[in-house]
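Everything below belongs to protein.txt, which stores compact mmCIF, C-alpha atoms and all ligand atoms.
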```
# COMPACT_ATOMS: atom_id res chain seq x y z
CA MET A 1 131.26 112.38 114.90
CA ASP A 2 129.39 110.10 117.31
CA LEU A 3 131.15 107.67 119.60
CA GLN A 4 129.88 104.59 117.74
CA ARG A 5 131.40 105.80 114.46
CA LYS A 6 134.68 106.69 116.16
CA LEU A 7 134.77 103.24 117.70
CA ALA A 8 134.19 101.62 114.30
CA ILE A 9 137.08 103.58 112.73
CA LEU A 10 139.57 103.34 115.58
CA ALA A 11 138.92 99.69 116.37
CA ASP A 12 139.32 98.80 112.70
CA ALA A 13 142.54 100.82 112.52
CA ALA A 14 143.95 98.89 115.49
CA LYS A 15 143.36 95.46 114.00
CA TYR A 16 146.72 95.38 112.23
CA ASP A 17 148.57 95.35 115.51
CA ALA A 18 149.24 91.75 116.44
CA SER A 19 150.80 92.46 119.79
CA CYS A 20 147.85 90.97 121.58
CA ALA A 21 147.56 87.70 119.74
CA SER A 22 144.11 86.49 118.80
CA SER A 23 143.07 83.98 116.22
CA GLY A 24 140.76 84.65 113.29
CA THR A 25 137.34 83.16 112.86
CA ASP A 26 134.30 83.36 110.55
CA LYS A 27 132.16 86.45 110.79
CA ARG A 28 128.83 85.68 112.41
CA ASP A 29 126.16 87.81 114.02
CA SER A 30 122.56 87.64 115.16
CA ARG A 31 121.26 90.64 113.23
CA GLY A 32 118.90 88.47 111.18
CA GLY A 33 116.96 87.72 114.34
CA SER A 34 118.21 84.21 114.93
CA GLY A 35 120.92 83.04 117.25
CA MET A 36 122.78 85.02 119.83
CA GLY A 37 126.07 86.91 119.85
CA SER A 38 128.50 88.14 117.22
CA SER A 39 132.06 87.22 116.32
CA GLY A 40 132.62 90.51 114.52
CA GLY A 41 132.07 93.00 117.32
CA MET A 42 134.18 96.11 117.16
CA GLY A 43 137.33 96.44 119.14
CA ILE A 44 137.38 93.35 121.32
CA CYS A 45 140.22 90.91 120.87
CA HIS A 46 141.75 88.11 122.87
CA SER A 47 145.09 88.00 124.53
CA TYR A 48 146.89 85.51 126.75
CA THR A 49 148.21 86.11 130.24
CA PRO A 50 151.49 84.54 131.42
CA ASP A 51 149.54 81.81 133.25
CA GLY A 52 147.76 80.83 130.02
CA ARG A 53 144.39 82.48 130.63
CA CYS A 54 142.68 84.04 127.65
CA ILE A 55 141.37 87.51 128.31
CA SER A 56 139.32 89.92 126.20
CA LEU A 57 140.69 93.39 125.59
CA LEU A 58 139.19 96.53 124.15
CA LYS A 59 141.70 97.12 121.35
CA ILE A 60 141.58 100.61 119.90
CA LEU A 61 143.67 103.53 118.72
CA LEU A 62 143.43 106.86 120.48
CA THR A 63 143.58 108.38 117.01
CA ASN A 64 144.40 107.21 113.50
CA HIS A 65 145.67 110.65 112.50
CA CYS A 66 149.41 110.32 112.05
CA GLN A 67 152.12 112.70 110.92
CA TYR A 68 154.43 109.83 109.90
CA ASP A 69 154.21 108.12 106.54
CA CYS A 70 155.26 104.53 107.11
CA LEU A 71 154.51 102.90 103.77
CA TYR A 72 153.15 99.64 105.20
CA CYS A 73 150.63 101.36 107.49
CA VAL A 74 146.99 102.04 106.68
CA ASN A 75 147.09 105.09 109.00
CA ARG A 76 150.05 106.81 107.34
CA SER A 77 149.67 110.53 106.63
CA SER A 78 149.24 109.97 102.87
CA SER A 79 146.54 107.32 103.34
CA ASN A 80 143.03 108.08 102.23
CA VAL A 81 141.13 106.54 105.15
CA PRO A 82 138.44 108.12 107.34
CA ARG A 83 140.04 109.66 110.42
CA ALA A 84 138.85 109.94 113.98
CA LYS A 85 140.15 110.84 117.41
CA PHE A 86 138.98 109.87 120.88
CA SER A 87 139.34 112.19 123.82
CA VAL A 88 140.90 110.82 126.99
CA GLU A 89 137.48 110.85 128.68
CA GLU A 90 135.90 108.90 125.82
CA VAL A 91 138.46 106.09 126.04
CA VAL A 92 138.07 105.95 129.81
CA THR A 93 134.27 105.84 129.55
CA LEU A 94 134.32 103.16 126.86
CA THR A 95 136.73 101.01 128.86
CA LEU A 96 134.68 101.27 132.03
CA ASP A 97 131.38 100.66 130.21
CA PHE A 98 132.69 97.55 128.45
CA TYR A 99 134.25 96.37 131.67
CA ARG A 100 131.08 96.79 133.72
CA ARG A 101 129.14 94.82 131.12
CA ASN A 102 131.70 92.06 131.51
CA CYS A 103 132.71 92.31 127.82
CA ILE A 104 136.40 92.94 128.49
CA GLU A 105 139.04 92.42 131.11
CA GLY A 106 141.33 95.17 129.96
CA LEU A 107 142.44 97.77 127.44
CA PHE A 108 144.95 97.67 124.59
CA LEU A 109 145.62 101.25 123.52
CA SER A 110 147.79 102.44 120.67
CA SER A 111 147.86 105.62 118.61
CA GLY A 112 149.04 107.39 115.50
CA ILE A 113 151.49 110.20 116.21
CA VAL A 114 149.95 113.66 116.37
CA LYS A 115 151.83 116.92 116.96
CA SER A 116 154.82 115.18 118.56
CA PRO A 117 155.78 111.86 120.15
CA ASP A 118 155.60 113.47 123.62
CA PHE A 119 152.18 115.00 123.00
CA THR A 120 150.79 111.63 121.91
CA MET A 121 152.46 109.68 124.68
CA GLU A 122 151.15 112.15 127.25
CA LEU A 123 147.58 111.41 126.12
CA LEU A 124 148.13 107.64 126.28
CA VAL A 125 149.58 107.91 129.78
CA GLU A 126 146.71 110.17 130.85
CA VAL A 127 144.14 107.52 129.84
CA ALA A 128 145.95 104.95 131.96
CA ARG A 129 146.39 107.40 134.86
CA VAL A 130 142.71 108.37 134.97
CA LEU A 131 141.66 104.73 134.81
CA ARG A 132 143.98 103.72 137.64
CA GLU A 133 143.91 106.78 139.91
CA THR A 134 140.44 108.25 139.40
CA HIS A 135 138.48 105.03 138.86
CA ASP A 136 140.73 102.57 140.67
CA PHE A 137 140.60 100.35 137.56
CA ARG A 138 142.22 96.98 138.33
CA GLY A 139 141.91 95.47 134.85
CA TYR A 140 144.75 94.82 132.43
CA ILE A 141 146.25 97.76 130.49
CA HIS A 142 148.59 97.38 127.53
CA LEU A 143 149.96 100.67 126.24
CA LYS A 144 151.74 101.01 122.93
CA THR A 145 154.74 103.23 123.53
CA ILE A 146 155.99 105.92 121.17
CA PRO A 147 159.72 105.30 120.72
CA ASP A 148 160.80 108.95 120.67
CA ALA A 149 158.81 109.90 123.78
CA SER A 150 160.70 111.33 126.73
CA GLU A 151 162.11 109.11 129.42
CA ASP A 152 159.80 110.63 132.02
CA LEU A 153 156.73 109.67 130.00
CA LEU A 154 158.02 106.12 129.54
CA ARG A 155 158.54 105.91 133.28
CA ARG A 156 155.03 107.15 134.02
CA ALA A 157 153.52 104.78 131.44
CA GLY A 158 155.11 101.82 133.21
CA LEU A 159 153.61 102.82 136.56
CA TYR A 160 150.06 102.46 135.20
CA ALA A 161 150.32 99.83 132.46
CA ASP A 162 150.70 96.08 132.90
CA ARG A 163 152.54 95.74 129.63
CA LEU A 164 154.31 98.22 127.37
CA SER A 165 155.27 97.57 123.79
CA ILE A 166 157.33 99.38 121.20
CA ASN A 167 157.05 98.05 117.68
CA VAL A 168 160.34 97.35 115.98
CA GLU A 169 158.23 97.05 112.79
CA LEU A 170 160.82 95.61 110.40
CA PRO A 171 163.58 93.12 111.07
CA THR A 172 166.41 95.14 109.61
CA ASP A 173 167.58 98.74 109.79
CA THR A 174 167.70 98.84 105.99
CA GLY A 175 164.05 97.76 105.75
CA LEU A 176 163.00 100.40 108.27
CA LYS A 177 164.89 103.15 106.43
CA GLN A 178 163.27 102.11 103.18
CA LEU A 179 159.67 101.79 104.37
CA ALA A 180 159.50 104.02 107.45
CA PRO A 181 162.18 106.67 106.95
CA GLU A 182 160.93 108.81 109.87
CA LYS A 183 161.59 105.98 112.30
CA ASP A 184 164.97 105.19 113.71
CA THR A 185 166.15 101.78 114.87
CA ALA A 186 168.54 103.37 117.37
CA ALA A 187 165.72 105.36 119.00
CA ILE A 188 163.53 102.24 119.18
CA HIS A 189 166.33 100.26 120.83
CA ARG A 190 167.14 103.14 123.16
CA SER A 191 163.54 103.23 124.43
CA MET A 192 163.45 99.44 124.78
CA GLY A 193 166.66 99.67 126.82
CA ARG A 194 165.13 102.32 129.08
CA LEU A 195 162.04 100.22 129.68
CA ARG A 196 164.27 97.25 130.52
CA LEU A 197 166.17 99.30 133.10
CA HIS A 198 162.95 100.56 134.71
CA ILE A 199 161.52 97.03 134.86
CA ASP A 200 164.71 95.66 136.44
CA ASP A 201 164.99 98.56 138.90
CA ALA A 202 161.39 98.19 140.05
CA LYS A 203 161.85 94.44 140.53
CA ALA A 204 165.06 94.93 142.51
CA GLN A 205 163.46 97.59 144.74
CA ARG A 206 160.42 95.44 145.46
CA LYS A 207 162.62 92.46 146.26
CA ALA A 208 164.74 94.54 148.64
CA ALA A 209 161.62 95.92 150.34
CA ALA A 210 160.16 92.43 150.72
CA ALA A 211 163.37 91.30 152.42
CA VAL A 212 163.00 93.85 155.23
CA PRO A 213 161.71 91.90 158.24
CA ILE A 214 158.39 92.91 159.80
CA ARG A 215 159.01 94.26 163.29
CA VAL A 216 156.47 93.23 165.85
CA LEU A 217 158.05 94.74 168.95
CA PRO A 218 156.10 97.58 170.57
CA GLY A 219 157.05 100.90 169.03
CA ALA A 220 158.95 99.38 166.14
CA SER A 221 158.05 100.63 162.65
CA THR A 222 156.31 98.10 160.41
CA ARG A 223 157.67 97.04 157.03
CA PRO A 224 157.78 100.05 154.63
CA ALA A 225 155.31 100.14 151.74
CA ARG A 226 156.54 98.16 148.73
CA PRO A 227 157.76 100.30 145.84
CA PRO A 228 155.34 100.47 142.87
CA ARG A 229 155.43 97.88 140.11
CA PHE A 230 156.67 98.85 136.67
CA ALA A 231 154.99 97.13 133.70
CA PRO A 232 154.76 93.79 135.56
CA ALA A 233 153.85 91.93 132.34
CA GLY A 234 157.08 93.20 130.74
CA GLN A 235 157.55 94.59 127.26
CA SER A 236 156.80 93.15 123.84
CA THR A 237 157.21 94.14 120.22
CA GLN A 238 155.88 93.38 116.77
CA MET A 239 157.59 92.68 113.47
CA ILE A 240 155.91 92.83 110.09
CA VAL A 241 156.64 89.80 107.93
CA GLY A 242 156.76 90.04 104.16
CA ALA A 243 156.62 93.83 103.69
CA ASP A 244 160.33 94.02 102.88
CA GLY A 245 162.66 91.41 101.45
CA SER A 246 163.89 90.08 104.80
CA ASP A 247 164.11 86.31 104.95
CA ASP A 248 163.22 84.20 107.99
CA ARG A 249 166.85 83.99 109.03
CA SER A 250 167.07 87.81 109.41
CA ILE A 251 163.71 87.91 111.20
CA LEU A 252 164.74 85.28 113.73
CA GLN A 253 168.16 86.85 114.15
CA SER A 254 166.50 90.16 114.95
CA SER A 255 164.14 88.44 117.43
CA ALA A 256 167.05 86.65 119.11
CA THR A 257 168.80 90.00 119.58
CA LEU A 258 165.66 91.55 121.07
CA TYR A 259 165.14 88.66 123.48
CA GLN A 260 168.78 88.71 124.51
CA ARG A 261 169.33 92.47 124.76
CA PHE A 262 166.02 93.63 126.18
CA ARG A 263 164.60 90.37 127.54
CA MET A 264 161.36 90.89 125.60
CA ARG A 265 158.41 88.95 126.92
CA ARG A 266 157.21 88.34 123.37
CA VAL A 267 158.04 89.18 119.78
CA TYR A 268 154.87 89.08 117.67
CA TYR A 269 154.99 88.38 113.96
CA SER A 270 152.38 89.95 111.75
CA ALA A 271 152.08 88.84 108.14
CA PHE A 272 151.93 91.96 106.00
CA SER A 273 148.47 92.48 104.54
CA PRO A 274 148.17 94.65 101.42
CA ILE A 275 146.55 97.98 102.26
CA PRO A 276 144.41 100.31 100.11
CA ASP A 277 146.40 102.69 97.85
CA ALA A 278 149.61 100.93 98.78
CA SER A 279 153.01 102.24 97.77
CA ARG A 280 154.77 100.56 94.86
CA ALA A 281 157.61 99.71 97.21
CA LEU A 282 155.32 97.12 98.84
CA PRO A 283 154.58 93.63 97.55
CA LEU A 284 151.18 93.19 95.91
CA GLN A 285 150.43 89.98 97.74
CA ALA A 286 150.45 89.04 101.38
CA PRO A 287 152.92 86.30 102.40
CA PRO A 288 151.27 82.96 103.19
CA LEU A 289 149.83 83.01 106.71
CA VAL A 290 151.57 79.72 107.39
CA ARG A 291 154.88 81.61 107.22
CA GLU A 292 153.77 83.69 110.19
CA HIS A 293 152.79 80.46 111.97
CA ARG A 294 156.20 78.86 111.28
CA LEU A 295 157.93 81.94 112.68
CA TYR A 296 155.93 81.64 115.89
CA GLN A 297 156.94 77.97 116.12
CA ALA A 298 160.59 78.84 115.49
CA ASP A 299 160.36 81.60 118.09
CA TRP A 300 159.04 79.00 120.56
CA LEU A 301 162.00 76.75 119.77
CA MET A 302 164.41 79.59 120.58
CA ARG A 303 162.71 80.51 123.84
CA PHE A 304 161.81 77.14 125.35
CA TYR A 305 163.64 74.39 123.48
CA GLY A 306 167.24 75.60 123.52
CA PHE A 307 167.56 76.10 119.75
CA ASP A 308 169.85 78.80 118.44
CA HIS A 309 168.28 80.97 115.75
CA GLN A 310 171.07 80.06 113.34
CA GLU A 311 170.29 76.34 113.32
CA ILE A 312 166.54 76.61 112.78
CA VAL A 313 166.52 78.05 109.26
CA ASP A 314 167.64 76.15 106.21
CA ASP A 315 171.11 77.30 105.11
CA GLY A 316 170.38 77.46 101.42
CA THR A 317 167.18 79.49 101.22
CA GLY A 318 167.19 81.45 104.49
CA LEU A 319 163.50 80.48 104.81
CA LEU A 320 161.63 78.12 107.10
CA ARG A 321 159.98 75.18 105.43
CA LEU A 322 156.24 75.71 105.11
CA ASP A 323 155.27 72.06 104.75
CA VAL A 324 156.54 70.86 108.13
CA ASP A 325 157.14 72.59 111.43
CA PRO A 326 160.68 73.85 112.19
CA LYS A 327 161.41 71.17 114.77
CA LEU A 328 160.60 68.31 112.43
CA ALA A 329 162.49 70.08 109.64
CA TRP A 330 165.57 70.30 111.90
CA ALA A 331 165.27 66.61 112.85
CA LEU A 332 164.99 65.56 109.21
CA ALA A 333 168.02 67.64 108.30
CA HIS A 334 170.09 66.08 111.12
CA PRO A 335 169.63 62.30 110.90
CA GLU A 336 173.01 61.85 112.62
CA ARG A 337 171.41 63.08 115.89
CA PHE A 338 168.76 60.34 115.92
CA PRO A 339 167.48 58.02 117.24
CA VAL A 340 167.63 59.51 120.73
CA ASP A 341 167.79 57.12 123.68
CA LEU A 342 164.91 58.08 125.97
CA ASN A 343 166.55 56.33 128.93
CA HIS A 344 169.88 58.12 128.75
CA ALA A 345 169.71 61.27 126.61
CA PRO A 346 170.09 64.58 128.41
CA ARG A 347 167.06 66.84 128.69
CA GLU A 348 168.42 69.21 126.00
CA LEU A 349 168.50 66.39 123.46
CA LEU A 350 165.03 65.12 124.43
CA LEU A 351 163.69 68.60 123.74
CA ARG A 352 164.84 68.19 120.14
CA VAL A 353 162.74 65.10 119.48
CA PRO A 354 159.74 65.94 117.25
CA GLY A 355 156.52 65.44 119.21
CA LEU A 356 158.10 65.92 122.64
CA GLY A 357 157.04 69.16 124.32
CA VAL A 358 158.57 70.66 127.43
CA GLY A 359 155.89 69.07 129.64
CA SER A 360 156.40 65.61 128.11
CA VAL A 361 160.17 65.85 128.52
CA ASP A 362 159.81 66.77 132.18
CA LYS A 363 157.48 63.80 132.74
CA LEU A 364 159.91 61.44 130.99
CA VAL A 365 162.89 62.67 132.97
CA ALA A 366 160.96 62.30 136.24
CA ALA A 367 159.68 58.82 135.30
CA ARG A 368 163.08 57.43 134.29
CA ARG A 369 164.49 58.32 137.71
CA ALA A 370 162.24 55.60 139.13
CA ARG A 371 162.95 52.88 136.55
CA ARG A 372 163.88 52.31 132.88
CA LEU A 373 161.30 53.53 130.39
CA ARG A 374 159.55 51.06 128.10
CA ALA A 375 157.67 51.81 124.89
CA GLU A 376 154.32 51.14 126.60
CA ASP A 377 155.07 53.81 129.19
CA LEU A 378 154.92 56.52 126.55
CA SER A 379 151.16 56.26 126.01
CA GLN A 380 150.59 56.30 129.76
CA LEU A 381 152.65 59.48 130.01
CA LYS A 382 150.45 60.95 127.22
CA VAL A 383 153.40 61.19 124.82
CA PRO A 384 152.24 61.24 121.16
CA THR A 385 153.85 57.93 120.18
CA ARG A 386 153.09 58.18 116.46
CA LYS A 387 155.20 61.34 116.22
CA VAL A 388 157.90 60.37 118.69
CA LEU A 389 158.72 56.69 118.04
CA PRO A 390 160.39 57.19 114.63
CA PHE A 391 163.01 59.32 116.36
CA VAL A 392 163.73 57.46 119.61
CA VAL A 393 165.11 54.26 121.14
CA VAL A 394 163.43 52.94 124.26
CA ASP A 395 163.15 49.50 125.87
CA GLY A 396 160.95 47.45 123.55
CA HIS A 397 161.33 49.77 120.55
CA ARG A 398 163.99 50.65 118.03
CA PRO A 399 163.20 52.40 114.71
CA SER A 400 163.44 49.86 111.92
CA GLY A 401 164.50 52.15 109.07
CA ALA A 402 167.45 54.46 108.61
CA MET A 403 166.79 58.14 109.05
CA PRO A 404 166.29 59.83 105.67
CA ASN A 405 168.85 62.08 104.14
CA GLY A 406 168.06 65.54 105.43
CA ALA A 407 169.82 67.42 102.64
CA ALA A 408 167.72 65.69 100.00
CA ILE A 409 164.52 66.50 101.83
CA ALA A 410 165.51 70.09 102.41
CA THR A 411 165.79 70.67 98.68
CA SER A 412 162.58 68.84 97.85
CA PRO A 413 159.58 69.61 100.04
CA SER A 414 157.59 66.74 98.55
CA HIS A 415 160.40 64.22 98.91
CA PRO A 416 158.92 60.79 99.77
CA ALA A 417 161.51 60.41 102.51
CA LEU A 418 159.44 62.79 104.58
CA ALA A 419 156.63 60.26 104.67
CA GLN A 420 159.16 57.49 105.33
CA ALA A 421 160.53 59.41 108.28
CA THR A 422 157.08 59.70 109.74
CA ALA A 423 156.56 55.99 109.35
CA ALA A 424 160.07 54.68 109.98
CA GLY A 425 160.08 52.44 113.01
CA ALA A 426 156.49 53.07 113.98
CA PRO A 427 155.54 49.64 115.33
CA LEU A 428 151.94 49.51 114.21
CA ARG A 429 152.40 51.07 110.79
CA THR A 430 154.10 50.01 107.61
CA VAL A 431 155.97 52.36 105.30
CA ALA A 432 153.56 51.50 102.50
CA SER A 433 150.58 52.75 104.48
CA ALA A 434 152.33 55.84 105.79
CA PRO A 435 150.18 58.96 105.69
CA VAL A 436 151.14 62.10 103.89
CA PRO A 437 153.31 64.38 106.05
CA MET A 438 151.30 66.18 108.68
CA GLN A 439 151.76 69.26 110.74
CA MET A 440 153.38 68.29 114.02
CA GLY A 441 152.47 70.46 116.96
CA LEU A 442 155.18 71.80 119.18
CA PHE A 443 153.16 72.09 122.31
S1 LIG A 501 153.90 105.94 113.12
FE1 LIG A 501 152.59 104.18 113.49
S2 LIG A 501 150.53 104.89 113.00
FE2 LIG A 501 151.96 106.38 112.12
S3 LIG A 501 152.24 105.69 110.01
FE3 LIG A 501 153.89 104.78 111.20
S4 LIG A 501 153.11 102.75 111.83
FE4 LIG A 501 151.35 103.99 111.14
```
How does this structure look as structure tokens?
Ligand code: SF4
Amino acid sequence: MDLQRKLAILADAAKYDASCASSGTDKRDSRGGSGMGSSGGMGICHSYTPDGRCISLLKILLTNHCQYDCLYCVNRSSSNVPRAKFSVEEVVTLTLDFYRRNCIEGLFLSSGIVKSPDFTMELLVEVARVLRETHDFRGYIHLKTIPDASEDLLRRAGLYADRLSINVELPTDTGLKQLAPEKDTAAIHRSMGRLRLHIDDAKAQRKAAAAVPIRVLPGASTRPARPPRFAPAGQSTQMIVGADGSDDRSILQSSATLYQRFRMRRVYYSAFSPIPDASRALPLQAPPLVREHRLYQADWLMRFYGFDHQEIVDDGTGLLRLDVDPKLAWALAHPERFPVDLNHAPRELLLRVPGLGVGSVDKLVAARRARRLRAEDLSQLKVPTRKVLPFVVVDGHRPSGAMPNGAAIATSPSHPALAQATAAGAPLRTVASAPVPMQMGLF
């Protein structure tokens, strides 16, 4: 099989992994002779670095042969898809070629499991080793880690990769047993725990080495070489949404545990997409994509806004509302917490105001140290007043209407009170001309 065909198969097989987030777009290309470029090129996806830069990665599987039979996976052993396998040299060559042409800034490499977890992991580590040691490759490497692989292989993977990830796959142990019986939640957690220890150890050693003073006296030894980094971009995981019956409450609970126990850099949510020849145990339809989006927003609330996972999801259904974002939904369900006084409220309470992001809150807190805030100041501080004013008190503004009854809204997504809440107190808008509820961004 030629390299182009392998790339087509193994890039397509990797597209279900959401661990390097990229957004979808229309398919376009210039094959008809007009225009330039293509949005459907094989294997290149976008990911975000901790400082917010977007980078392109070659995203492929080493092989889509797999001895496991996870029901939700297109590469499972019983699946009837074309199979292919790269050699280590082929992945290295592809990565370097794409890199030299300035098409990518790094590699995202995953794999089906062949022969044994250790055999597969050894190949993944070898790709990273050859890239780093033989070719002095400085680009980004994200390696998918096989949970049952030996500790030594995990350790070696972390020396070459920027980020490691182990997919938890399903939010509950019951779901995993039902849909991926060969996988074991305990083994997944054990490997995540090992990675965490290696990451912490490497950080502590580098910190200790950096603290050793440089000696400049004649004959004195210089500062010793710093110990190697271990997966400096941390570890992440992915959860499939909608393949089993788990509600959003269980999904967020599982994420909260992963963040707390293993200090995950990210949990990615991937809406289940029906696969060819799917098992009857799987739903016939994909969950709405907006559910995946709401989970990401809720995840953001847990990580940056001080929300506990238990308070984000509606008590009755266990699901996030799809019509409004989780922060607005929480505000509407807790009218007793509003309006919030922008001149006196603590930072934690400001973070709960719909429309106020972390950056806006920091600007408000800094500004009110100098003098009392007035309504006009909000626009100057680039605060989205239309979203914020219905929920706050500030000099020169007080919401005119009472906050709507959250319980009533929670049971009726189209409740008119939602529109009233958006309009209540907005100085330049009347309730009668209030718009239909809109998505409110968190960021
Ligand atoms: S082990 Fe991974 S590649 Fe293999 S069937 Fe399960 S999810 Fe798919």
Could you make a table, as JSON lines, of the residues of chain A that have an atom within 8 Å of an atom of ligand LIG 501 (chain A), each with its nearest atom pair and distance in Å to one decimal, counting all atoms listed in the file, in chain and number order?
```
{"residue": "A:Asn64", "atom": "CA", "partner": "A:LIG501", "partner_atom": "S2", "distance": 6.6}
{"residue": "A:His65", "atom": "CA", "partner": "A:LIG501", "partner_atom": "S2", "distance": 7.6}
{"residue": "A:Cys66", "atom": "CA", "partner": "A:LIG501", "partner_atom": "FE2", "distance": 4.7}
{"residue": "A:Gln67", "atom": "CA", "partner": "A:LIG501", "partner_atom": "FE2", "distance": 6.4}
{"residue": "A:Tyr68", "atom": "CA", "partner": "A:LIG501", "partner_atom": "S3", "distance": 4.7}
{"residue": "A:Asp69", "atom": "CA", "partner": "A:LIG501", "partner_atom": "S3", "distance": 4.7}
{"residue": "A:Cys70", "atom": "CA", "partner": "A:LIG501", "partner_atom": "FE3", "distance": 4.3}
{"residue": "A:Leu71", "atom": "CA", "partner": "A:LIG501", "partner_atom": "S3", "distance": 7.2}
{"residue": "A:Tyr72", "atom": "CA", "partner": "A:LIG501", "partner_atom": "S4", "distance": 7.3}
{"residue": "A:Cys73", "atom": "CA", "partner": "A:LIG501", "partner_atom": "FE4", "distance": 4.6}
{"residue": "A:Val74", "atom": "CA", "partner": "A:LIG501", "partner_atom": "FE4", "distance": 6.5}
{"residue": "A:Asn75", "atom": "CA", "partner": "A:LIG501", "partner_atom": "FE4", "distance": 4.9}
{"residue": "A:Arg76", "atom": "CA", "partner": "A:LIG501", "partner_atom": "S3", "distance": 3.6}
{"residue": "A:Ser77", "atom": "CA", "partner": "A:LIG501", "partner_atom": "S3", "distance": 6.4}
{"residue": "A:Ser111", "atom": "CA", "partner": "A:LIG501", "partner_atom": "S2", "distance": 6.3}
{"residue": "A:Gly112", "atom": "CA", "partner": "A:LIG501", "partner_atom": "S2", "distance": 3.8}
{"residue": "A:Ile113", "atom": "CA", "partner": "A:LIG501", "partner_atom": "FE2", "distance": 5.6}
{"residue": "A:Glu169", "atom": "CA", "partner": "A:LIG501", "partner_atom": "S4", "distance": 7.7}
{"residue": "A:Ala180", "atom": "CA", "partner": "A:LIG501", "partner_atom": "FE3", "distance": 6.8}
{"residue": "A:Lys183", "atom": "CA", "partner": "A:LIG501", "partner_atom": "S1", "distance": 7.7}
```
| request: For A:Thr95, please output as a ChimeraX atom specification all residues within 7 Å (counting all atoms listed in the file; exclusion window: fewer than 3 positions along the same chain). | output: /A:58,91-92,98-99,107
| field | Protein and nucleic acid residues near (149.1, 98.5, 115.8) (cut-off 12 Å, only C-alpha atoms) as an MDAnalysis selection string | value | chainID A and resid 10:21 59:64 72:76 108:113 142:146 165:169 237:240 268:270
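Using all atoms listed in the file, the protein and nucleic acid residues lying at most 12 Å from the point (148.8, 62.3, 128.3) are Leu356, Gly357, Gly359, Ser360, Val361, Lys363, Leu364, Asp377, Leu378, Ser379, Gln380, Leu381, Lys382, Val383, Pro384 and Thr385 of chain A.
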| field | atom CA of A:Gly234 to atom CA of A:Arg163, distance in Å rounded to a single decimal | value |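 According to the coordinates, atom CA of A:Gly234 and atom CA of A:Arg163 are separated by 5.3 Å.
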| request: Please indicate the distance in Å from atom CA of A:Ala233 to atom CA of A:Gly158, rounded to one decimal place. | output: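 Distance reported for this atom pair: 10.0 Å.
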| field | Given all atoms listed in the file as the counted atoms, nearest of A:Arg303, A:His334, A:Arg368, A:Arg206 to A:Val353 | value | A:His334
| note | Here atom CA of A:Glu90 and atom CA of A:Asp2 stand apart by 10.8 Å
